[in-house]
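Below: one structure, written as structure tokens.
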Amino acid sequence: MRQTQPALSCQDVTMRFGGLVALDSFSLEVHPGDVVGLLGPNGSGKTTFFNVVTGLYKPAAGTIRFGGTDLFGKPPAEINRAGIARSFQRCRLLLELSVFDNLLIGAHNRLNNGLLHNLFARKAAQHSITSFIGAARDLCARFNPYIADHLFDPAGAFNMIDRRRIELCRALLGEPRLLLLDEPSAGMTHEETFSLMDDVTSFQRQNPDLSIILIEHEMQVIERVSQRCVVLNFGKKICEGSYREVIADPQVLEAYLGEDA
Ligand SMILES: Nc1ncnc2c1ncn2[C@@H]1O[C@H](COP(=O)(O)OP(=O)(O)OP(=O)(O)O)[C@@H](O)[C@H]1O
């Protein structure tokens, strides 16, 4: 029996797009330090779940609590401040800007004190930027020292795996307690994906209360990093258990292969 309170507790979450039920009474609990693999065939509702949890979509029904706080229907900025960060399938860096500028844009939620403050409280504004540079360098060094050593290089000068690293640093800079990773392998080789996930795992070892939900089609990645897997099909949870359990489950085989196991 688990002693810890769940970090994230979603109960009976339903999301509809017109007549399409993208999430159908979906429930999921994630405890501090959990790494959960979220699986399912294309269109099964995985990204929709991330969009609901991060406030991009407002579900029709259900409850979403994080660290005991009700997040249902709250705006994305508030959810991010509460400690939930995410990555996206496609690279969302501004490539002509430096790594540092990209990190700064990600921290807008916390650093923006308003134009008047920045114009008239120059010392305070300068101090907050200086301490942000220190925090950014420190975070990047803990995630992958190469990024910290190239903090002021343009993001476009990095290869795909390092761009993903920069995006993850941006997500982690706010010290989230829950990180949602949407297909980190997209556009990368096996080796690159494993290397990226090694950085994530090593970062999590330094921050053992960080919970992670990982959407990933590469089953080897899921097997390597997740302690528990949840499988969606047509918006419904069809299976939950260890990687070994879910890949042997007849309903999961049927969902993926379209045949009876
Ligand atoms: N904004 C939207 N408007 C209308 N339908 C949507 C929208 N977003 C998602 N859907 C539909 O909801 C269903 C679930 O989509 P979702 O992107 O969550 O699936 P997924 O499991 O993440 O798929 P994939 O593995 O291909 O990324 C799909 O049928 C999709 O077409």
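Following the order of the structure tokens, first chain is A, next is B, and so on, with residues numbered from 1 inside each chain and ligands from 1 in the order they appear.
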
Which of stretch 9-166 of chain A end up as alpha helix (DSSP H) when DSSP is run on this backbone - answer as a ChimeraX atom specification? /A:46-53,76-82,99-106,108-111,115-120,122-143,145-149,160-166

Given only C-alpha atoms and all ligand atoms, how would the per-residue table for chain A near ligand 1 read, listing every residue at most 10 Å away with its closest atom pair and distance in Å to one decimal, sorted by chain and number, as a tab-separated table?
```
residue	atom	partner	partner_atom_place_in_ligand_line	distance
A:Met15	CA	ligand 1	12 (O)	8.6
A:Arg16	CA	ligand 1	12 (O)	7.9
A:Phe17	CA	ligand 1	4 (C)	5.0
A:Gly18	CA	ligand 1	4 (C)	7.6
A:Gly19	CA	ligand 1	5 (N)	9.5
A:Leu20	CA	ligand 1	12 (O)	6.9
A:Val21	CA	ligand 1	12 (O)	7.2
A:Ala22	CA	ligand 1	12 (O)	4.5
A:Leu23	CA	ligand 1	14 (C)	7.5
A:Leu38	CA	ligand 1	21 (O)	9.0
A:Leu39	CA	ligand 1	21 (O)	7.7
A:Gly40	CA	ligand 1	21 (O)	6.0
A:Pro41	CA	ligand 1	25 (O)	5.9
A:Asn42	CA	ligand 1	26 (O)	3.6
A:Gly43	CA	ligand 1	19 (O)	3.3
A:Ser44	CA	ligand 1	21 (O)	3.8
A:Gly45	CA	ligand 1	18 (O)	3.3
A:Lys46	CA	ligand 1	21 (O)	3.9
A:Thr47	CA	ligand 1	22 (O)	3.7
A:Thr48	CA	ligand 1	18 (O)	3.6
A:Phe49	CA	ligand 1	18 (O)	6.4
A:Phe50	CA	ligand 1	18 (O)	8.1
A:Asn51	CA	ligand 1	18 (O)	8.2
A:Val52	CA	ligand 1	18 (O)	9.7
A:Leu56	CA	ligand 1	1 (N)	9.6
A:Tyr57	CA	ligand 1	1 (N)	8.2
A:Gln89	CA	ligand 1	27 (O)	8.3
A:Asp182	CA	ligand 1	27 (O)	8.4
A:Glu183	CA	ligand 1	27 (O)	8.2
A:Ile215	CA	ligand 1	22 (O)	8.0
A:Glu216	CA	ligand 1	25 (O)	8.1
A:His217	CA	ligand 1	25 (O)	7.4
A:Val231	CA	ligand 1	21 (O)	9.8
A:Leu232	CA	ligand 1	21 (O)	7.5
A:Asn233	CA	ligand 1	21 (O)	8.0
A:Phe234	CA	ligand 1	14 (C)	7.4
A:Gly235	CA	ligand 1	14 (C)	7.0
```

For A:Leu97, the nearest of the candidates A:Ala125, A:Leu151, A:Val35, A:Cys140, counting only C-alpha atoms: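 Checking each of A:Ala125, A:Leu151, A:Val35, A:Cys140 against A:Leu97, counting only C-alpha atoms, the winner is A:Leu151.
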
Considering only C-alpha atoms, return as a PDB file with N, CA and C atoms, in the first residue's frame whatever protein or nucleic-acid residues lie within 6 Å of stretch 203-209 of chain A, sequence-local ones (same chain, fewer than 5 positions apart) excluded.
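Everything below was put into selection.pdb:
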```
ATOM      1  N   PRO A  32       4.746  10.933  -6.152  1.00  0.00           N
ATOM      2  CA  PRO A  32       6.067  11.569  -6.273  1.00  0.00           C
ATOM      3  C   PRO A  32       7.131  10.540  -6.651  1.00  0.00           C
ATOM      4  N   GLY A  33       7.908  10.863  -7.651  1.00  0.00           N
ATOM      5  CA  GLY A  33       9.003   9.981  -8.078  1.00  0.00           C
ATOM      6  C   GLY A  33       8.600   8.911  -9.076  1.00  0.00           C
ATOM      7  N   PHE A 143      21.671  19.077 -15.861  1.00  0.00           N
ATOM      8  CA  PHE A 143      20.991  18.241 -16.861  1.00  0.00           C
ATOM      9  C   PHE A 143      21.987  17.704 -17.882  1.00  0.00           C
TER      10      PHE A 143
END
```

With only C-alpha atoms as the counted atoms, please give the residues lying no more than 12 Å from A:Asp162, apart from itself and same-chain residues fewer than 4 positions off, as a ChimeraX atom specification. /A:91,93,99,140,143-148,150-151,153-158,166-169,184,188,192-193,195-196,199

What is the atom CA of A:Phe194 to atom CA of A:Val246 distance in Å?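 Atom CA of A:Phe194 sits 21.3 Å away from atom CA of A:Val246.
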
I need the strand (DSSP E or B) residues of stretch 1-238 of chain A per DSSP on the backbone, written as an MDAnalysis selection string. chainID A and resid 8:17 20:30 35:39 61:66 69:70 84:86 98 154 178:182 211:215 228:233 236:238

Neighbour list for stretch 130-132 of chain A as a VMD selection string, cut-off 10 Å, only C-alpha atoms, skip fewer than 3 positions in-chain: chain A and resid 100 103 to 104 107 111 124 to 127 135 to 138 173

Distance of atom CA of A:Arg86 from atom CA of A:Ala61, expressed in Å to one decimal place: 22.5 Å
